[in-house]
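S.K.: Sharing work.txt below, compact mmCIF, C-alpha atoms:
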# COMPACT_ATOMS: atom_id res chain seq x y z
CA MET A 112 90.36 128.00 82.78
CA LYS A 113 87.14 126.90 84.45
CA ALA A 114 85.20 129.01 86.91
CA LYS A 115 85.87 126.55 89.71
CA ASP A 116 89.61 127.23 89.38
CA PHE A 117 88.96 130.58 91.06
CA PRO A 118 88.77 130.96 94.86
CA GLY A 119 85.27 130.42 96.15
CA GLY A 120 84.45 127.79 93.52
CA GLY A 121 84.04 130.48 90.86
CA TYR A 122 81.09 132.23 92.53
CA GLY A 123 82.96 135.51 92.82
CA LEU A 124 83.64 135.46 89.05
CA MET A 125 80.21 134.30 87.89
CA ARG A 126 78.15 136.80 89.89
CA ARG A 127 79.88 139.62 87.97
CA LEU A 128 79.13 138.21 84.50
CA PRO A 129 76.29 139.62 82.41
CA PHE A 130 73.27 137.32 82.50
CA VAL A 131 73.39 136.55 78.76
CA LEU A 132 77.08 135.64 78.94
CA LEU A 133 76.40 133.46 81.95
CA LEU A 134 73.75 131.55 80.00
CA GLY A 135 76.29 131.08 77.22
CA LEU A 136 78.85 129.64 79.62
CA LEU A 137 76.31 127.21 81.01
CA ALA A 138 75.38 126.08 77.49
CA VAL A 139 79.02 125.46 76.64
CA LYS A 140 79.42 123.44 79.82
CA ALA A 141 76.43 121.27 78.97
CA THR A 142 77.95 120.16 75.65
CA ALA A 143 81.61 120.09 76.68
CA ASP A 144 81.13 117.75 79.62
CA SER A 145 81.21 114.73 77.29
CA THR A 146 84.63 113.45 76.29
CA VAL A 147 85.67 110.38 74.31
CA LEU A 148 89.11 108.90 74.95
CA ARG A 149 90.40 106.78 72.05
CA CYS A 150 92.79 104.42 73.86
CA GLY A 151 95.21 102.21 71.95
CA ALA A 152 94.84 99.71 74.78
CA LEU A 153 93.17 99.62 78.18
CA VAL A 154 94.22 97.75 81.33
CA ASP A 155 91.08 96.15 82.77
CA VAL A 156 92.05 95.64 86.41
CA GLU A 157 88.75 93.98 87.31
CA ARG A 158 89.16 91.14 84.81
CA GLU A 159 92.96 91.46 84.83
CA GLN A 160 93.39 91.64 81.09
CA LEU A 161 94.62 94.00 78.41
CA LEU A 162 91.98 95.16 75.92
CA ARG A 163 93.06 96.60 72.56
CA GLN A 164 91.47 99.61 70.82
CA GLN A 165 89.12 100.69 73.56
CA ASP A 166 87.15 103.92 73.80
CA VAL A 167 85.97 105.52 77.03
CA LEU A 168 82.99 107.88 77.03
CA VAL A 169 83.04 110.31 79.94
CA SER A 170 79.93 112.33 80.76
CA ASP A 171 79.68 114.81 83.64
CA GLY A 172 82.84 113.39 85.18
CA VAL A 173 81.58 109.79 85.19
CA ILE A 174 82.45 106.89 82.89
CA ALA A 175 79.35 106.38 80.73
CA ALA A 176 80.58 103.67 78.33
CA VAL A 177 83.64 101.54 77.60
CA GLY A 178 84.17 99.58 74.38
CA SER A 179 85.34 99.62 70.79
CA GLY A 180 84.13 102.20 68.28
CA ILE A 181 82.00 104.36 70.56
CA ASP A 182 80.35 107.21 68.65
CA GLU A 183 80.94 110.56 70.25
CA PRO A 184 77.87 112.58 71.24
CA ASP A 185 77.26 115.94 69.56
CA GLY A 186 79.68 118.52 70.91
CA ALA A 187 81.84 115.97 72.72
CA ALA A 188 85.59 116.43 72.86
CA VAL A 189 87.64 113.59 71.37
CA ILE A 190 91.13 112.86 72.68
CA ASP A 191 93.39 110.63 70.60
CA LEU A 192 95.27 108.26 72.89
CA SER A 193 95.60 105.59 70.20
CA GLY A 194 99.34 105.39 70.82
CA HIS A 195 98.88 105.04 74.57
CA TYR A 196 97.81 102.54 77.21
CA CYS A 197 95.00 103.72 79.48
CA LEU A 198 94.74 102.72 83.14
CA PRO A 199 92.69 103.77 86.16
CA GLY A 200 94.11 106.68 88.09
CA LEU A 201 96.89 105.52 90.39
CA ILE A 202 96.25 105.30 94.13
CA ASP A 203 98.98 105.83 96.73
CA ALA A 204 97.83 104.38 100.03
CA HIS A 205 100.84 105.61 102.02
CA THR A 206 102.05 109.11 101.22
CA HIS A 207 103.37 111.93 103.40
CA LEU A 208 102.83 115.27 101.72
CA MET A 209 104.68 117.45 104.20
CA VAL A 210 108.08 115.96 103.38
CA GLY A 211 110.40 118.69 102.11
CA GLY A 212 109.47 121.45 104.55
CA PRO A 213 111.91 123.06 107.00
CA GLY A 214 110.76 120.91 109.94
CA LEU A 215 110.64 122.56 113.37
CA ASN A 216 111.27 125.93 111.76
CA SER A 217 107.99 125.90 109.82
CA SER A 218 104.42 126.49 110.93
CA SER A 219 101.45 124.26 110.20
CA ALA A 220 100.41 126.75 107.50
CA GLU A 221 103.81 126.54 105.81
CA LYS A 222 103.76 122.75 105.90
CA THR A 223 100.28 122.73 104.40
CA LEU A 224 101.51 124.80 101.46
CA VAL A 225 104.33 122.31 100.94
CA ALA A 226 101.71 119.54 101.08
CA LEU A 227 99.62 121.26 98.41
CA ARG A 228 102.63 121.48 96.11
CA ASN A 229 103.47 117.81 96.64
CA ALA A 230 99.85 116.71 96.16
CA GLN A 231 99.66 118.53 92.86
CA THR A 232 103.00 117.02 91.80
CA MET A 233 101.65 113.55 92.48
CA LEU A 234 98.46 114.31 90.58
CA ARG A 235 100.45 115.35 87.51
CA HIS A 236 102.33 112.06 87.75
CA GLY A 237 99.15 110.01 87.69
CA TYR A 238 98.07 109.71 91.33
CA THR A 239 94.42 110.69 91.48
CA THR A 240 93.80 109.40 95.03
CA LEU A 241 95.97 109.51 98.14
CA ARG A 242 95.78 108.13 101.65
CA ILE A 243 97.83 110.10 104.20
CA PRO A 244 98.68 107.87 107.22
CA GLY A 245 99.86 110.71 109.44
CA ASP A 246 102.08 113.65 108.54
CA GLY A 247 104.69 115.95 110.07
CA ASP A 248 102.36 118.56 111.52
CA VAL A 249 101.19 119.29 115.07
CA GLY A 250 98.16 121.07 113.61
CA PHE A 251 95.52 119.67 111.28
CA GLY A 252 96.84 121.03 108.00
CA SER A 253 96.27 117.80 106.09
CA ILE A 254 92.59 117.89 107.01
CA ALA A 255 92.34 121.50 105.81
CA LEU A 256 94.07 120.55 102.56
CA ARG A 257 91.76 117.58 101.98
CA ASP A 258 88.70 119.75 102.51
CA ALA A 259 89.99 122.62 100.37
CA ILE A 260 90.61 120.27 97.45
CA ALA A 261 87.25 118.52 97.90
CA GLY A 262 85.54 121.92 98.00
CA GLY A 263 87.11 123.03 94.72
CA LEU A 264 89.36 125.71 96.19
CA PHE A 265 92.43 123.95 94.79
CA THR A 266 93.03 121.25 92.20
CA GLY A 267 94.41 118.09 93.77
CA PRO A 268 93.92 114.36 94.27
CA ARG A 269 91.13 112.78 96.27
CA MET A 270 92.38 112.29 99.82
CA GLN A 271 91.74 110.27 102.96
CA VAL A 272 93.67 111.44 106.00
CA ALA A 273 95.01 110.31 109.34
CA PRO A 274 96.16 113.69 110.69
CA HIS A 275 98.96 112.51 113.01
CA PHE A 276 101.21 109.67 114.04
CA LEU A 277 100.14 108.40 117.46
CA CYS A 278 103.07 106.89 119.33
CA PRO A 279 104.38 106.46 122.88
CA LEU A 280 107.11 108.40 124.62
CA GLY A 281 110.36 107.62 122.83
CA GLY A 282 108.55 106.06 119.87
CA HIS A 283 109.07 106.45 116.13
CA CYS A 284 107.39 109.88 115.96
CA ASP A 285 108.85 111.36 119.16
CA ARG A 286 111.63 113.96 119.07
CA ASN A 287 114.27 111.56 120.34
CA ALA A 288 117.22 113.29 118.68
CA ILE A 289 116.66 116.59 120.52
CA ALA A 290 118.57 117.11 123.76
CA PRO A 291 116.39 116.76 126.89
CA ASP A 292 117.46 120.23 128.11
CA SER A 293 116.84 121.92 124.75
CA GLY A 294 113.53 123.35 125.89
CA VAL A 295 111.74 121.78 122.90
CA PRO A 296 108.69 119.94 124.29
CA THR A 297 107.42 116.54 123.28
CA ALA A 298 105.11 117.03 120.31
CA PRO A 299 101.45 117.50 121.35
CA HIS A 300 98.68 115.36 119.87
CA VAL A 301 101.06 112.56 118.94
CA ILE A 302 102.00 110.84 122.20
CA ALA A 303 99.70 108.40 123.96
CA ALA A 304 100.30 106.07 126.92
CA GLY A 305 97.75 103.80 128.54
CA GLU A 306 94.36 102.67 127.34
CA ASP A 307 92.52 105.83 128.40
CA ALA A 308 95.08 108.07 126.70
CA ALA A 309 94.82 105.95 123.54
CA ARG A 310 91.05 106.40 123.43
CA GLU A 311 91.35 110.14 124.08
CA ALA A 312 93.89 110.49 121.26
CA VAL A 313 91.54 108.73 118.85
CA ARG A 314 88.65 110.97 119.86
CA ARG A 315 90.74 114.10 119.29
CA GLU A 316 91.75 112.96 115.81
CA ILE A 317 88.15 112.18 114.88
CA LYS A 318 86.87 115.43 116.40
CA TYR A 319 88.92 117.38 113.88
CA GLY A 320 88.03 115.30 110.84
CA ALA A 321 90.18 112.16 110.66
CA ASP A 322 89.23 109.49 108.10
CA TRP A 323 91.83 107.10 109.53
CA ILE A 324 93.76 106.66 112.76
CA LYS A 325 97.48 105.91 112.49
CA VAL A 326 99.63 104.52 115.31
CA HIS A 327 103.30 103.62 115.46
CA ALA A 328 103.35 100.13 116.94
CA THR A 329 107.13 99.61 116.61
CA GLY A 330 110.19 101.73 116.16
CA GLY A 331 111.16 102.79 112.66
CA ILE A 332 114.03 103.31 110.27
CA MET A 333 114.09 107.09 109.75
CA SER A 334 114.35 107.86 113.47
CA VAL A 335 116.83 107.52 116.30
CA GLY A 336 116.60 105.89 119.68
CA ASP A 337 113.90 103.36 118.78
CA ASP A 338 113.93 99.76 117.59
CA PRO A 339 112.01 98.35 114.57
CA TRP A 340 111.86 94.94 116.22
CA VAL A 341 110.30 96.15 119.50
CA GLN A 342 106.54 96.60 119.98
CA SER A 343 105.96 100.19 121.15
CA PHE A 344 102.48 99.82 122.64
CA THR A 345 101.13 97.06 124.86
CA ASP A 346 98.55 94.64 123.47
CA ALA A 347 95.92 96.34 125.64
CA GLU A 348 96.80 99.78 124.27
CA LEU A 349 96.61 98.58 120.65
CA ALA A 350 93.25 96.98 121.39
CA ALA A 351 92.01 100.27 122.87
CA PHE A 352 93.12 102.22 119.79
CA SER A 353 91.32 99.77 117.50
CA ASP A 354 88.14 99.50 119.54
CA GLU A 355 87.74 103.26 119.89
CA THR A 356 88.40 103.84 116.19
CA HIS A 357 85.90 101.26 115.01
CA ARG A 358 83.31 102.37 117.55
CA HIS A 359 83.34 105.71 115.73
CA GLY A 360 83.01 104.04 112.33
CA LYS A 361 86.56 104.88 111.21
CA LYS A 362 89.50 102.73 110.10
CA ILE A 363 92.89 102.26 111.71
CA THR A 364 96.36 101.37 110.47
CA ALA A 365 99.73 100.87 112.12
CA HIS A 366 103.35 101.46 111.25
CA ILE A 367 104.91 98.09 112.09
CA HIS A 368 108.17 96.32 111.30
CA GLY A 369 108.44 93.59 113.96
CA ALA A 370 106.49 90.33 113.73
CA GLY A 371 105.16 90.44 117.30
CA ALA A 372 103.48 93.78 116.76
CA VAL A 373 101.95 92.57 113.48
CA LYS A 374 100.30 89.71 115.36
CA SER A 375 99.11 92.01 118.14
CA ALA A 376 97.62 94.48 115.66
CA VAL A 377 95.87 91.71 113.73
CA ARG A 378 94.40 90.33 116.96
CA ALA A 379 93.25 93.84 117.84
CA GLY A 380 91.42 94.14 114.50
CA PHE A 381 93.55 96.75 112.73
CA ASP A 382 92.45 97.31 109.14
CA SER A 383 95.92 97.54 107.65
CA ILE A 384 99.61 97.23 108.41
CA GLU A 385 102.22 99.61 106.97
CA HIS A 386 105.61 98.09 106.02
CA GLY A 387 105.49 94.72 107.84
CA THR A 388 109.12 94.10 106.90
CA LEU A 389 110.00 91.71 109.76
CA MET A 390 106.81 89.63 109.86
CA ASP A 391 107.22 85.87 110.26
CA ASP A 392 105.24 82.92 108.89
CA GLU A 393 102.70 83.03 111.71
CA ALA A 394 102.08 86.75 111.20
CA ILE A 395 101.58 86.18 107.48
CA GLU A 396 99.12 83.37 108.13
CA MET A 397 97.18 85.57 110.56
CA MET A 398 96.99 88.38 108.03
CA VAL A 399 95.65 86.04 105.36
CA GLU A 400 93.00 84.61 107.69
CA SER A 401 91.89 88.03 108.96
CA GLU A 402 92.12 89.67 105.49
CA THR A 403 94.22 92.45 107.01
CA TRP A 404 95.73 94.71 104.37
CA LEU A 405 99.47 95.20 103.92
CA VAL A 406 100.95 98.37 102.42
CA PRO A 407 104.56 97.21 101.97
CA THR A 408 106.32 100.45 100.84
CA VAL A 409 109.17 98.60 99.13
CA TYR A 410 111.00 101.34 97.23
CA VAL A 411 111.58 103.61 100.22
CA LEU A 412 113.81 101.03 101.95
CA ASP A 413 115.69 100.45 98.71
CA TYR A 414 116.16 104.21 98.45
CA ILE A 415 117.45 104.55 102.03
CA VAL A 416 119.89 101.65 101.70
CA GLY A 417 121.19 103.02 98.40
CA SER A 418 121.45 106.61 99.61
CA THR A 419 124.94 108.05 100.02
CA GLN A 420 124.42 111.80 100.11
CA SER A 421 121.34 112.73 102.10
CA ARG A 422 122.12 114.36 105.46
CA ARG A 423 119.07 112.56 106.87
CA MET A 424 120.75 109.17 106.47
CA THR A 425 122.77 109.04 109.69
CA PRO A 426 124.93 106.00 110.52
CA GLU A 427 122.23 104.73 112.91
CA ILE A 428 119.51 105.04 110.26
CA LEU A 429 121.63 103.35 107.60
CA ALA A 430 122.55 100.51 109.97
CA LYS A 431 118.88 99.85 110.80
CA ALA A 432 117.89 100.05 107.13
CA ARG A 433 120.55 97.55 106.03
CA GLU A 434 119.66 95.11 108.78
CA VAL A 435 115.94 95.24 107.96
CA ALA A 436 116.60 94.99 104.22
CA LYS A 437 118.38 91.63 104.71
CA ILE A 438 115.12 90.15 105.97
CA ARG A 439 112.47 92.15 104.13
CA ASP A 440 112.66 90.61 100.65
CA ASP A 441 112.06 87.00 101.73
CA ASN A 442 109.24 88.00 104.05
CA PHE A 443 107.56 90.06 101.36
CA ARG A 444 107.76 87.22 98.82
CA LYS A 445 106.18 84.84 101.35
CA ALA A 446 103.36 87.30 102.07
CA TYR A 447 102.68 87.85 98.37
CA LYS A 448 102.65 84.14 97.54
CA SER A 449 100.45 83.43 100.57
CA GLY A 450 97.78 85.83 99.35
CA VAL A 451 98.07 88.72 101.81
CA ARG A 452 95.95 91.57 100.44
CA MET A 453 98.24 94.41 99.36
CA ALA A 454 97.95 98.01 98.22
CA VAL A 455 100.64 100.32 96.84
CA GLY A 456 102.19 102.97 99.07
CA SER A 457 105.29 105.09 98.58
CA ASP A 458 106.22 106.55 102.02
CA GLN A 459 108.24 109.36 100.48
CA VAL A 460 111.57 110.38 101.93
CA PHE A 461 112.40 111.07 98.29
CA PRO A 462 110.92 113.54 95.76
CA HIS A 463 107.20 112.98 95.19
CA ARG A 464 107.67 112.91 91.42
CA HIS A 465 109.39 109.54 91.89
CA SER A 466 106.49 107.87 93.74
CA ALA A 467 105.71 105.48 90.87
CA ARG A 468 109.09 103.79 91.32
CA GLU A 469 107.24 101.65 93.85
CA PHE A 470 105.75 99.60 91.01
CA ALA A 471 109.12 98.51 89.63
CA ALA A 472 110.31 97.74 93.17
CA LEU A 473 107.34 95.41 93.66
CA VAL A 474 107.96 93.65 90.35
CA ARG A 475 111.63 93.20 91.25
CA LEU A 476 110.48 91.18 94.27
CA GLY A 477 108.35 88.86 92.14
CA VAL A 478 105.00 90.64 91.84
CA THR A 479 103.55 90.29 88.34
CA PRO A 480 103.06 93.60 86.50
CA MET A 481 99.28 93.07 86.44
CA ASP A 482 99.18 92.38 90.17
CA ALA A 483 101.26 95.49 90.82
CA ILE A 484 98.84 97.61 88.79
CA VAL A 485 95.85 96.10 90.61
CA MET A 486 97.56 96.86 93.93
CA GLY A 487 98.02 100.46 92.83
CA THR A 488 94.44 100.95 91.60
CA LEU A 489 91.56 98.66 92.55
CA ASN A 490 93.17 97.34 95.74
CA GLY A 491 93.92 100.84 96.95
CA ALA A 492 90.31 101.82 96.31
CA THR A 493 89.06 98.75 98.20
CA LEU A 494 91.32 99.47 101.17
CA MET A 495 89.77 102.94 101.32
CA ASP A 496 86.18 101.63 100.81
CA LEU A 497 86.00 103.53 97.51
CA GLN A 498 85.85 100.54 95.14
CA ASP A 499 82.34 101.47 93.97
CA GLU A 500 83.53 104.94 92.95
CA ILE A 501 87.12 104.61 91.69
CA GLY A 502 89.88 102.05 91.09
CA SER A 503 88.92 100.74 87.65
CA ILE A 504 87.76 102.01 84.28
CA ALA A 505 84.16 100.86 84.52
CA VAL A 506 80.74 102.31 83.75
CA GLY A 507 79.38 104.38 86.62
CA LYS A 508 82.71 105.11 88.24
CA GLN A 509 84.44 108.46 88.46
CA ALA A 510 86.55 109.18 85.38
CA ASP A 511 89.98 108.94 87.01
CA ILE A 512 92.10 107.81 84.05
CA VAL A 513 95.79 107.99 83.15
CA ALA A 514 97.68 107.06 80.00
CA VAL A 515 101.29 106.03 79.38
CA PRO A 516 103.22 105.74 76.09
CA GLY A 517 104.03 102.03 76.40
CA ASN A 518 102.78 98.71 77.70
CA PRO A 519 103.13 98.57 81.50
CA LEU A 520 102.62 94.80 81.43
CA GLU A 521 105.87 94.51 79.49
CA ASP A 522 107.76 97.32 81.24
CA ILE A 523 106.22 98.37 84.53
CA SER A 524 108.59 101.34 84.81
CA ILE A 525 106.55 103.07 82.07
CA LEU A 526 104.21 104.10 84.90
CA GLU A 527 106.93 106.58 85.83
CA ASN A 528 106.19 108.41 82.56
CA VAL A 529 102.50 109.29 82.69
CA GLU A 530 101.53 111.62 79.83
CA PHE A 531 97.78 112.00 80.36
CA VAL A 532 95.82 112.49 83.58
CA MET A 533 92.07 112.88 84.01
CA LEU A 534 90.52 113.42 87.44
CA GLY A 535 86.75 113.11 87.67
CA GLY A 536 86.44 113.89 83.97
CA ARG A 537 88.65 116.97 84.19
CA ILE A 538 91.87 116.90 82.16
CA ILE A 539 94.81 117.65 84.41
CA ARG A 540 97.59 116.78 81.99
CA ASN A 541 97.70 115.99 78.28
CA ASP A 542 101.17 115.86 76.77
Re-express the file's structure as structure tokens.
M.R.:
Amino acid sequence: MKAKDFPGGGYGLMRRLPFVLLLGLLAVKATADSTVLRCGALVDVEREQLLRQQDVLVSDGVIAAVGSGIDEPDGAAVIDLSGHYCLPGLIDAHTHLMVGGPGLNSSSAEKTLVALRNAQTMLRHGYTTLRIPGDGDVGFGSIALRDAIAGGLFTGPRMQVAPHFLCPLGGHCDRNAIAPDSGVPTAPHVIAAGEDAAREAVRREIKYGADWIKVHATGGIMSVGDDPWVQSFTDAELAAFSDETHRHGKKITAHIHGAGAVKSAVRAGFDSIEHGTLMDDEAIEMMVESETWLVPTVYVLDYIVGSTQSRRMTPEILAKAREVAKIRDDNFRKAYKSGVRMAVGSDQVFPHRHSAREFAALVRLGVTPMDAIVMGTLNGATLMDLQDEIGSIAVGKQADIVAVPGNPLEDISILENVEFVMLGGRIIRND
């Protein structure tokens, strides 16, 4: 166990160590921070090719060299992955970590603990970076979790966060299923109406640390009383959200199913669209021209439609899911063939350990395995403006590396069986 595994980044432990022992620990660290990974093959997502018998030299958490037959420095650790395929750490650009908590019966603190568990589960399954586009919390627990992980208090993936879902009265994130005389109020911080309210909501999110702003621009599937086809905000309100976000140097995304809302969000300058299931040819063309990102979240709809036991799948939810699913596949294939920029996102209403099923769902709809891997690595990094730091196994980038026991270009589902995970040069899992 490393000192930074202890609360306070290890300071409380190290200040009690004898000075000579402390010097010894520092000397060990200086030699042990070099690691050589002997990969049987490596997926080069920048050149989109598979390279056989590749070594990766990691020094101080950064990739120092990539190639065949690299000599290990004195004192370096050597890890034999000769029977494995190495890839960049996976990136989930649409994950909700507070899924699985008791809902209205749990506090922000309780939900944040659930989020920590789910984040660590995803890390062990190969996801070294996450983007949270809103979560089920009226507080700012996801911001606290991001900062605690970044500060070394806990082990977890890199994170960018939109703290809340911003939606109008009766929208996808409102409490529409609760009786009006129940005494349960409309959720604070998540409802906005009018251009001034939209700007104020953005400012509140940024005040408390938001990396992204997330709005619900149509109704959704996993909700009642709203319509996926109907645009929830006016064009002027969406424009206000976008303008205020970008004025503060942040990025904005929108939950959208219907084609009209896709077009409105693109015109307003949104950076990405989540889902986009009902977009038409004009919306696709606009996204290509504007280089707006799409995070399609394919598997979650497949999961909902195929679900028969979950109490969350009410008749209304199942009916909406089946209707949307009839249209989604053709629209997605058109968007992919047209060149819409895409990143992988899971949108879990299922266990977080199954997040990588998204890759097989994409391939089922016609995405090549290489393109799916690029979407789940380099594209995700680019969406998050982190392409110079992560997203590929390249010299100078952070050593976020995973390994699987088979060729993902032949069987993409092998990404569901990650056996080695390195985050910033630190080994998280080595089976």
S.K.: For the atom pair CA of Ile260 (chain A) and CA of Thr240 (chain A), what is the interatomic distance in Å to one decimal place?
M.R.: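 For CA of Ile260 (chain A) relative to CA of Thr240 (chain A), the distance reads 11.6 Å.
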S.K.: Skip Ile202 (chain A) itself and residues of its chain fewer than 4 positions away, then list as a PyMOL selection string all residues within 7 Å of it, counting all atoms listed in the file.
M.R.: chain A and resi 238-241+487-488+491
S.K.: In Å, with one decimal, what is the gap from CA of Val455 (chain A) to CA of Ser524 (chain A)?
M.R.: 14.5 Å
S.K.: Find the distance between CA of Gly517 (chain A) and CA of Gly180 (chain A) and write it in Å to one decimal.
M.R.: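 Taking CA of Gly517 (chain A) and CA of Gly180 (chain A), their separation equals 21.5 Å.
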S.K.: Give the answer as one residue: which of A:Ala321, A:Ile525, A:Ile504, A:Ile363 has the shortest atom-to-atom distance to Val167 (chain A), using all atoms listed in the file?
M.R.: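 Smallest distance to Val167 (chain A) is found for A:Ile504.
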S.K.: Point out the residue among A:Met495, A:Met209, A:Ile523, A:Met453 with the least atom-to-atom distance to Arg269 (chain A), counting only C-alpha atoms.
M.R.: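 The closest residue to Arg269 (chain A) is A:Met495.
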S.K.: I'd like the neighbourhood of Glu434 (chain A) as a PyMOL selection string, where a residue qualifies if any of its atoms comes within 10 Å (using only C-alpha atoms), though same-chain residues fewer than 5 positions away should be ignored.
M.R.: chain A and resi 416+429+439
S.K.: In the coordinates of the file, take the point (96.4, 84.9, 100.8) and a cut-off of 9 Å; then, counting all atoms listed in the file, name each qualifying protein, DNA or RNA residue as a VMD selection string.
M.R.: chain A and resid 395 to 396 398 to 400 402 446 to 452
S.K.: Which protein, DNA or RNA residues are at most 9 Å from (112.2, 110.2, 104.9) in the file's coordinates when you count all atoms listed in the file, listed as a list in words?
M.R.: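 The requested residues, written out, are Val210, Ile332, Met333, Val411, Ile415, Arg423, Met424, Asp458, Gln459, Val460 and Phe461 of chain A.
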S.K.: Looking at all atoms listed in the file, which of A:Lys437, A:Arg315, A:Arg257, A:His283 is the one that sits closest to Ile367 (chain A)?
M.R.: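 Among A:Lys437, A:Arg315, A:Arg257, A:His283, it is A:His283 that comes nearest to Ile367 (chain A).
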S.K.: In terms of the shortest atom-to-atom distance over only C-alpha atoms, which of A:Leu168, A:Gly186, A:Asp258, A:His195 is closest to Asp542 (chain A)?
M.R.: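 Using only C-alpha atoms, Asp542 (chain A) sits closest to A:His195.
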S.K.: Quick one: residues within 6 Å of Val272 (chain A), all atoms listed in the file counted, chain neighbours fewer than 6 positions away excluded, as a list in words?
M.R.: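 Counting all atoms listed in the file, the residues come to Arg242, Ile243, Ala321, Asp322 and Trp323 of chain A.
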S.K.: Using all atoms listed in the file for the distances, tell me which of A:Gly172, A:Gly380, A:Gly178, A:Pro244 is nearest to His207 (chain A).
M.R.: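 Distance minimum relative to His207 (chain A) lands on A:Pro244.
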S.K.: Would you mind listing what lies within 6 Å of Thr403 (chain A) as an NGL selection string, with only C-alpha atoms counted and same-chain residues fewer than 2 positions away left out?
M.R.: :A and (382-383 or 398 or 401)
S.K.: Near Leu389 (chain A), within 10 Å and counting all atoms listed in the file, which residues show up once chain neighbours fewer than 5 positions away are dropped, as an NGL selection string?
M.R.: :A and (339-340 or 367-373 or 394 or 435-443)
